[in-house]
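The structure appears below as structure tokens.
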Amino acid sequence: MPLQSSSPAPSRIPVTEVTGNGRAPSGRHWYTGPAFTLVEVVLVLVIMSLVIAVAQPRIAGYVINDRVRRSADRLAMDLRLAQSEAIKQQQTVTVTFDTVKDLYTLSGLSPDSQGATTRTVTLGSESSYQTELDVVEFAATGLSAVTFDSFGTPDSGGTIALLSGSILCTVSVDSVTGQPTVSALSSQQEDTTVVEED
């Protein structure tokens, strides 16, 4: 009687060798990760749309705040530059504001590489600022300008209000020291006063 082997019969399921790069020797690929149904994909897209809709106003508000803050910081820096240039050159330096074109000009600076002694900063049209010069008030001069003398003293103190959307920031020039101060950002409220007719 022939001896029977106790080992199990060989499996008919083909065994595929896997190489180091995750491919079968024949070059075939297979996917073992989870599959997504159409319903699941649509659900993810709906959730993403809702998240974007909720976050968009916050992002827009952050962008506006950033523009106004950067505009105010740039203006304060240029006012300090005008004052230091007046002291260094021992001559007057003037900063003139144009609320129609939303720009200001520094006149009397040291000549630059092109020989220019003026510099204009356009807050309204430059993409990094896009801020309006809302109100400029220098009480003593009655003009939209401030002039620093050879000691760095301004001819007048005043305020410059910067506006983007409903966000407002004020830069104040001290009448004694000439140093600019940037206020905190605030929201400009619309005038809701109702006038009753007789």
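Just remember, in the structure tokens the first chain shown is A, the second B, etc., residues are 1-based per chain, and ligands are 1-based in the order shown.
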
Would you mind listing what lies within 9 Å of Ser107 in chain A as a PyMOL selection string, with only C-alpha atoms counted and same-chain residues fewer than 6 positions away left out? chain A and resi 82+92-96+117-120

I want to know what sits within 6 Å of Ser172 in chain A, based on only C-alpha atoms, with residues of the same chain fewer than 5 positions away left out; could you give that as a PyMOL selection string? chain A and resi 158-159+180-181

Please list as number ranges by chain every residue within 8 Å of Thr122 in chain A, counting only C-alpha atoms and excluding residues in the same chain fewer than 3 positions away. A: 101-104, 125-126

Put those residues in a file: C-alpha atoms, as an mmCIF file, in the first residue's frame.
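Output below, filename result.cif:
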```cif
data_model
loop_
_atom_site.group_PDB
_atom_site.id
_atom_site.type_symbol
_atom_site.label_atom_id
_atom_site.label_comp_id
_atom_site.auth_asym_id
_atom_site.auth_seq_id
_atom_site.Cartn_x
_atom_site.Cartn_y
_atom_site.Cartn_z
ATOM 1 C CA LYS A 101 -5.939 110.870 -5.387
ATOM 2 C CA ASP A 102 -5.223 109.093 -2.071
ATOM 3 C CA LEU A 103 -1.510 109.878 -2.114
ATOM 4 C CA TYR A 104 1.097 111.928 -0.273
ATOM 5 C CA SER A 125 -3.884 102.353 -6.255
ATOM 6 C CA GLU A 126 -0.942 100.298 -4.976
#
```

Picked from range 7-193 of chain A by DSSP as alpha helix (DSSP H), as a PDB file with C-alpha atoms, in the first residue's frame:
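Final file, out_13.pdb:
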```pdb
ATOM      1  CA  LEU A  38     -19.880  58.922  -5.350  1.00  0.00           C
ATOM      2  CA  VAL A  39     -22.056  59.849  -2.365  1.00  0.00           C
ATOM      3  CA  GLU A  40     -19.004  60.176  -0.121  1.00  0.00           C
ATOM      4  CA  VAL A  41     -17.189  62.390  -2.646  1.00  0.00           C
ATOM      5  CA  VAL A  42     -20.224  64.666  -3.027  1.00  0.00           C
ATOM      6  CA  LEU A  43     -20.575  64.874   0.764  1.00  0.00           C
ATOM      7  CA  VAL A  44     -16.929  65.960   1.140  1.00  0.00           C
ATOM      8  CA  LEU A  45     -17.379  68.624  -1.540  1.00  0.00           C
ATOM      9  CA  VAL A  46     -20.500  69.978   0.187  1.00  0.00           C
ATOM     10  CA  ILE A  47     -18.680  70.182   3.542  1.00  0.00           C
ATOM     11  CA  MET A  48     -15.720  71.963   1.925  1.00  0.00           C
ATOM     12  CA  SER A  49     -18.085  74.471   0.292  1.00  0.00           C
ATOM     13  CA  LEU A  50     -19.719  75.222   3.640  1.00  0.00           C
ATOM     14  CA  VAL A  51     -16.359  75.713   5.350  1.00  0.00           C
ATOM     15  CA  ILE A  52     -15.228  78.131   2.610  1.00  0.00           C
ATOM     16  CA  ALA A  53     -18.500  80.071   2.802  1.00  0.00           C
ATOM     17  CA  VAL A  54     -18.124  80.494   6.564  1.00  0.00           C
ATOM     18  CA  ALA A  55     -14.409  81.393   6.438  1.00  0.00           C
ATOM     19  CA  GLN A  56     -14.548  83.843   3.511  1.00  0.00           C
ATOM     20  CA  PRO A  57     -15.830  86.894   5.471  1.00  0.00           C
ATOM     21  CA  ARG A  58     -13.178  86.362   8.129  1.00  0.00           C
ATOM     22  CA  ILE A  59     -10.437  86.127   5.506  1.00  0.00           C
ATOM     23  CA  ALA A  60     -11.708  89.263   3.741  1.00  0.00           C
ATOM     24  CA  GLY A  61     -11.798  91.125   7.066  1.00  0.00           C
ATOM     25  CA  TYR A  62      -8.238  90.060   7.843  1.00  0.00           C
ATOM     26  CA  VAL A  63      -7.024  91.306   4.437  1.00  0.00           C
ATOM     27  CA  ILE A  64      -8.663  94.725   4.925  1.00  0.00           C
ATOM     28  CA  ASN A  65      -7.254  95.074   8.448  1.00  0.00           C
ATOM     29  CA  ASP A  66      -3.798  94.172   7.168  1.00  0.00           C
ATOM     30  CA  ARG A  67      -3.977  96.744   4.352  1.00  0.00           C
ATOM     31  CA  VAL A  68      -4.985  99.573   6.691  1.00  0.00           C
ATOM     32  CA  ARG A  69      -2.341  98.643   9.261  1.00  0.00           C
ATOM     33  CA  ARG A  70       0.413  98.458   6.631  1.00  0.00           C
ATOM     34  CA  SER A  71      -0.692 101.802   5.149  1.00  0.00           C
ATOM     35  CA  ALA A  72      -0.601 103.457   8.581  1.00  0.00           C
ATOM     36  CA  ASP A  73       2.820 101.978   9.359  1.00  0.00           C
ATOM     37  CA  ARG A  74       4.169 103.153   5.987  1.00  0.00           C
ATOM     38  CA  LEU A  75       2.847 106.678   6.562  1.00  0.00           C
ATOM     39  CA  ALA A  76       4.321 106.827  10.074  1.00  0.00           C
ATOM     40  CA  MET A  77       7.678 105.633   8.719  1.00  0.00           C
ATOM     41  CA  ASP A  78       7.661 108.322   6.000  1.00  0.00           C
ATOM     42  CA  LEU A  79       6.783 111.042   8.515  1.00  0.00           C
ATOM     43  CA  ARG A  80       9.771 109.977  10.623  1.00  0.00           C
ATOM     44  CA  LEU A  81      11.904 110.009   7.459  1.00  0.00           C
ATOM     45  CA  ALA A  82      10.786 113.570   6.631  1.00  0.00           C
ATOM     46  CA  GLN A  83      11.659 114.725  10.139  1.00  0.00           C
ATOM     47  CA  SER A  84      15.094 113.070  10.146  1.00  0.00           C
ATOM     48  CA  GLU A  85      15.880 114.426   6.655  1.00  0.00           C
ATOM     49  CA  ALA A  86      14.994 117.964   7.796  1.00  0.00           C
ATOM     50  CA  ILE A  87      17.420 117.653  10.716  1.00  0.00           C
ATOM     51  CA  LYS A  88      20.155 116.048   8.627  1.00  0.00           C
ATOM     52  CA  GLN A  89      19.997 118.573   5.792  1.00  0.00           C
TER      53      GLN A  89
END
```

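Using only C-alpha atoms, the nearest neighbour of Gly165 in chain A within the list A:Gln188, A:Ser183, A:Leu133, A:Gly108 is A:Gln188.
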
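For the residues A:Ser186, A:Ser150, A:Thr177, A:Thr99, ranking by smallest atom-to-atom distance to Gly124 in chain A using only C-alpha atoms places A:Thr99 first.
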
re CA of Ala184 in chain A and CA of Cys169 in chain A: distance 6.4 Å

Strand (DSSP E or B) per DSSP on the backbone: members of range 22-111 of chain A, as an MDAnalysis selection string: chainID A and resid 93:98 103:107

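What separates CA of Ser164 in chain A from CA of Ser128 in chain A is a distance of 12.2 Å.
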
Would you please work out which residue, of A:Thr153, A:Ser113, A:Thr105, A:Ser175, is nearest to Phe138 in chain A when using only C-alpha atoms? A:Ser175
